[in-house]
Amino acid sequence: MKTKKILLTGGGTAGHVTPNIALIPGLKAQGFEIHYVGTRKGMERGLIEKTGLPYHCISAGKLRRYFDLKNFTDLFRITFGLLQSLVLMLKLRPSIIFSKGGFVSCPVVWAAWCFGIPVVIHESDITPGLANKLSMRFAKKICYSFPETETYLPPAKREGTGLPVRDELFMGDARRGKELCGFSDDKPVVMVIGGSLGAQAINEAVRGGLDKLLEDFNVCHICGSGGKAPGSRPGYCQFEYINEELPDVFAMADMVISRSGATTLFELLALRKPALLIPLGTAASRGDQILNAQSFEKQGYAKILLQDGITGAILADTVRQFYDQRNECIDAMSKAESSKAADRVLEVIKGLVK
């Protein structure tokens with residue numbers, strides 16, 4: 001009997017990796033041999049090597065939407081990555097490719113198409129990113145997370161699945177989280193998380209409004225690398241990054257302040273955590289986080305606070321107001337079938353494996 005073999009790919013940010021990780025238990029249960037393709041120095045390598053999966057490195061370049069001399073040098077990296085991917089296809093002979101996006105995924109998808117290997121792409125955000133746009137025509141199926149995304153995808157290829165969330169996030173213990181942070185039970189907990197790369201504007205607003213926030217809340221602040229702590233404060237705990245303890249921190253949180261990257265949003269939805277969303281603006285992104293946040297606010301899952309003009313006082317006041325309305329978000333979230341996304345994606349994959 002032929003071994004079913006799948007190549008997972010995606011990288012650049014945690015959002016391009018963690019949904020792949022969420023699929024691993026289900027893929028193993030279905031008898032797949034799993035390999036991962038990423039870059040040599042990308043953050044995906046560290047995350048995947050912890051899982052014990054075979055990891056294959058290829059070269060990757062970034063295609064920018066604006067003129068930059070690096071576009072020319074990166075074309076050579078992309079070409080080399082395509083050649084490496086073609087060799088990988090010959091060596092591993094996978095049954096199927098699952099791509100979570102990021103520029104490392106493009107050469108893998110293109111190489112798979114050359115050999116007639118079926119490809120499934122997953123788009124997390126409302127509007128497809130450039131890497132997925134460059135890969136779509138080579139895919140058999142395109143899974144998506146937000147209901148609004150279907151208008152951007154070919155009808156014959158699109159599959160509304162939601163976004164897979166890691167099982168371990170549901171295994172947190174609020175008591176362990178409070179012990180980790182040194183919090184008592186006398187105040188509710190606000191968790192602040194800016195994404196895998198942190199968020200300077202959110203960090204500054206939290207620190208500017210910390211005195212007011214601590215009057216009513218305990219604050220667990222995940223600030224990203226290079227964050228400067230305001231010193232030890234009762235009821236305040238700061239981490240640069242959390243991995244193993246993240247489920248416990250989520251479990252103790254009564255509400256969350258967050259960016260609106262798709263992976264984080266669907267984790268919050270699955271865990272029924274009401275969120276005050278501060279999306280990354282168009283000056284630093286293509287605007288996908290604003291669209292993501294608007295979708296969640298429209299569905300009643302969250303409230304938006306725009307980054308422009310935010311101060312510590314504004315943040316603290318908004319947190320107080322939102323906390324009083326949090327149960328409305330929890331009620332709306334409880335009606336969503338967000339926990340079945342991994343199963344839906346696995347069904348799409350199974351349907352293409354001969």
# chains A, B, ... in the order shown; residues from 1 in each chain; ligands from 1

call {"tool": "residues_around", "arguments": {"residues": "Tyr152 (chain A)", "least_positions_apart": "5", "cutoff": "9 Å", "atoms": "only C-alpha atoms", "output": "PyMOL selection string"}}
result
chain A and resi 126-128

call {"tool": "write_last_selection", "arguments": {"atoms": "N, CA, C and O atoms", "output": "compact mmCIF listing (two decimals), in the first residue's frame"}}
result
# COMPACT_ATOMS: atom_id res chain seq x y z
N ILE A 126 -9.04 38.17 5.08
CA ILE A 126 -10.20 38.40 4.21
C ILE A 126 -9.78 38.52 2.76
O ILE A 126 -10.36 37.90 1.86
N THR A 127 -8.75 39.31 2.48
CA THR A 127 -8.25 39.45 1.11
C THR A 127 -6.96 38.65 0.96
O THR A 127 -6.10 38.69 1.83
N PRO A 128 -6.80 37.89 -0.11
CA PRO A 128 -5.61 37.06 -0.28
C PRO A 128 -4.33 37.89 -0.33
O PRO A 128 -4.29 38.97 -0.94

call {"tool": "select_by_dssp", "arguments": {"residues": "region 66-219 of chain A", "states": "strand (DSSP E)", "output": "PyMOL selection string"}}
result
chain A and resi 96-99+119-123+141-144+158-160+189-193+218-219

call {"tool": "residues_around", "arguments": {"residues": "region 24-36 of chain A", "least_positions_apart": "4", "cutoff": "8 Å", "atoms": "only C-alpha atoms", "output": "short mmCIF file (atom, residue, chain, number, x, y, z; two decimals) with N, CA and C atoms, in the first residue's frame"}}
result
data_model
loop_
_atom_site.label_atom_id
_atom_site.label_comp_id
_atom_site.auth_asym_id
_atom_site.auth_seq_id
_atom_site.Cartn_x
_atom_site.Cartn_y
_atom_site.Cartn_z
N THR A 3 2.35 4.78 0.73
CA THR A 3 2.30 5.67 1.88
C THR A 3 1.76 7.03 1.46
N LYS A 4 0.81 7.54 2.21
CA LYS A 4 0.32 8.89 1.97
C LYS A 4 1.33 9.87 2.56
N LYS A 5 1.80 10.78 1.74
CA LYS A 5 2.84 11.71 2.18
C LYS A 5 2.39 13.14 1.86
N ILE A 6 2.48 14.00 2.85
CA ILE A 6 2.07 15.39 2.66
C ILE A 6 3.23 16.31 2.99
N LEU A 7 3.40 17.35 2.17
CA LEU A 7 4.35 18.42 2.45
C LEU A 7 3.58 19.64 2.90
N LEU A 8 3.87 20.09 4.11
CA LEU A 8 3.32 21.34 4.61
C LEU A 8 4.33 22.44 4.34
N THR A 9 3.84 23.62 4.02
CA THR A 9 4.75 24.75 3.82
C THR A 9 4.07 26.04 4.25
N ASN A 20 -0.68 25.19 10.39
CA ASN A 20 -0.10 23.93 9.94
C ASN A 20 0.13 22.99 11.12
N ILE A 48 8.74 24.42 13.88
CA ILE A 48 8.51 23.09 13.33
C ILE A 48 9.47 22.06 13.92
N LEU A 53 9.02 17.03 13.18
CA LEU A 53 8.81 16.72 11.77
C LEU A 53 10.10 16.90 10.97
N PRO A 54 10.31 16.11 9.92
CA PRO A 54 11.43 16.36 9.01
C PRO A 54 11.27 17.75 8.38
N TYR A 55 12.34 18.53 8.42
CA TYR A 55 12.29 19.92 7.94
C TYR A 55 13.26 20.08 6.78
N HIS A 56 12.76 20.63 5.68
CA HIS A 56 13.56 20.80 4.47
C HIS A 56 13.69 22.29 4.15
N ALA A 342 -10.12 22.47 11.71
CA ALA A 342 -9.10 21.49 11.34
C ALA A 342 -9.72 20.29 10.66
N ASP A 343 -10.86 19.82 11.16
CA ASP A 343 -11.54 18.68 10.55
C ASP A 343 -11.98 19.00 9.12
N LEU A 346 -8.95 18.97 6.86
CA LEU A 346 -8.52 17.59 6.65
C LEU A 346 -9.41 16.86 5.63
#

call {"tool": "closest_residue", "arguments": {"among": "A:Leu291, A:Leu269, A:Leu82, A:Val190", "to": "Gly61 (chain A)", "atoms": "only C-alpha atoms"}}
result
A:Leu82

call {"tool": "closest_residue", "arguments": {"among": "A:Ser258, A:Glu240, A:Ala60, A:Arg207", "to": "Leu306 (chain A)", "atoms": "only C-alpha atoms"}}
result
A:Ser258

call {"tool": "atom_distance", "arguments": {"atom1": "CA of Val109 (chain A)", "atom2": "CA of Thr18 (chain A)"}}
result
19.0 Å

call {"tool": "residues_around", "arguments": {"residues": "Leu47 (chain A)", "least_positions_apart": "4", "cutoff": "9 Å", "atoms": "only C-alpha atoms", "output": "PyMOL selection string"}}
result
chain A and resi 14+17-18+21+43+51

call {"tool": "write_last_selection", "arguments": {"atoms": "N, CA, C and O atoms", "output": "tab-separated table (two decimals), in the first residue's frame"}}
result
chain	number	residue	atom	x	y	z
A	14	ALA	N	4.36	33.69	12.55
A	14	ALA	CA	3.73	32.56	13.23
A	14	ALA	C	2.38	32.23	12.61
A	14	ALA	O	1.94	31.08	12.61
A	17	VAL	N	2.43	29.51	10.19
A	17	VAL	CA	2.97	28.24	10.68
A	17	VAL	C	2.01	27.53	11.63
A	17	VAL	O	1.76	26.32	11.49
A	18	THR	N	1.48	28.26	12.62
A	18	THR	CA	0.69	27.59	13.67
A	18	THR	C	-0.55	26.87	13.14
A	18	THR	O	-0.91	25.81	13.68
A	21	ILE	N	0.66	23.55	12.20
A	21	ILE	CA	0.91	22.74	13.40
A	21	ILE	C	-0.41	22.16	13.93
A	21	ILE	O	-0.46	21.02	14.41
A	43	MET	N	11.41	32.00	11.11
A	43	MET	CA	10.92	31.59	12.42
A	43	MET	C	10.19	30.25	12.35
A	43	MET	O	10.05	29.56	13.37
A	51	THR	N	8.33	20.17	16.81
A	51	THR	CA	7.34	19.12	16.61
A	51	THR	C	7.97	17.78	16.22
A	51	THR	O	7.30	16.75	16.25

call {"tool": "residues_around", "arguments": {"residues": "Ala174 (chain A)", "least_positions_apart": "5", "cutoff": "9 Å", "atoms": "only C-alpha atoms", "output": "VMD selection string"}}
result
chain A and resid 179 247 to 253

call {"tool": "write_last_selection", "arguments": {"atoms": "N, CA, C and O atoms", "output": "PDB file, in the first residue's frame"}}
result
ATOM      1  N   GLU A 179      -0.841  31.764  38.878  1.00  0.00           N
ATOM      2  CA  GLU A 179       0.379  31.493  39.652  1.00  0.00           C
ATOM      3  C   GLU A 179       1.612  31.946  38.882  1.00  0.00           C
ATOM      4  O   GLU A 179       2.556  32.502  39.465  1.00  0.00           O
ATOM      5  N   PRO A 247      -1.514  28.460  26.783  1.00  0.00           N
ATOM      6  CA  PRO A 247      -2.868  28.005  27.111  1.00  0.00           C
ATOM      7  C   PRO A 247      -3.324  28.423  28.507  1.00  0.00           C
ATOM      8  O   PRO A 247      -4.499  28.765  28.703  1.00  0.00           O
ATOM      9  N   ASP A 248      -2.414  28.410  29.469  1.00  0.00           N
ATOM     10  CA  ASP A 248      -2.769  28.808  30.836  1.00  0.00           C
ATOM     11  C   ASP A 248      -3.069  30.300  30.921  1.00  0.00           C
ATOM     12  O   ASP A 248      -3.981  30.724  31.639  1.00  0.00           O
ATOM     13  N   VAL A 249      -2.301  31.096  30.178  1.00  0.00           N
ATOM     14  CA  VAL A 249      -2.532  32.546  30.179  1.00  0.00           C
ATOM     15  C   VAL A 249      -3.862  32.873  29.510  1.00  0.00           C
ATOM     16  O   VAL A 249      -4.632  33.714  29.995  1.00  0.00           O
ATOM     17  N   PHE A 250      -4.154  32.210  28.399  1.00  0.00           N
ATOM     18  CA  PHE A 250      -5.456  32.387  27.757  1.00  0.00           C
ATOM     19  C   PHE A 250      -6.590  31.997  28.709  1.00  0.00           C
ATOM     20  O   PHE A 250      -7.620  32.671  28.787  1.00  0.00           O
ATOM     21  N   ALA A 251      -6.408  30.891  29.422  1.00  0.00           N
ATOM     22  CA  ALA A 251      -7.465  30.392  30.303  1.00  0.00           C
ATOM     23  C   ALA A 251      -7.808  31.384  31.407  1.00  0.00           C
ATOM     24  O   ALA A 251      -8.975  31.500  31.808  1.00  0.00           O
ATOM     25  N   MET A 252      -6.813  32.116  31.908  1.00  0.00           N
ATOM     26  CA  MET A 252      -7.081  33.043  33.014  1.00  0.00           C
ATOM     27  C   MET A 252      -7.613  34.384  32.536  1.00  0.00           C
ATOM     28  O   MET A 252      -8.145  35.170  33.328  1.00  0.00           O
ATOM     29  N   ALA A 253      -7.503  34.676  31.228  1.00  0.00           N
ATOM     30  CA  ALA A 253      -7.872  36.003  30.724  1.00  0.00           C
ATOM     31  C   ALA A 253      -9.387  36.176  30.675  1.00  0.00           C
ATOM     32  O   ALA A 253     -10.109  35.324  30.155  1.00  0.00           O
TER      33      ALA A 253
END

call {"tool": "select_by_dssp", "arguments": {"residues": "region 126-331 of chain A", "states": "helix (DSSP H, G or I)", "output": "ChimeraX atom specification"}}
result
/A:130-138,147-152,167-171,174-181,200-208,210-216,246-252,262-271,288-298,312-324,326-331

call {"tool": "residues_around", "arguments": {"residues": "Ile304 (chain A)", "least_positions_apart": "5", "cutoff": "10 Å", "atoms": "only C-alpha atoms", "output": "JSON, numbers by chain"}}
result
{"A": [257, 258, 259, 260, 275, 276, 277, 278, 279, 290, 293, 294, 296, 297, 318]}
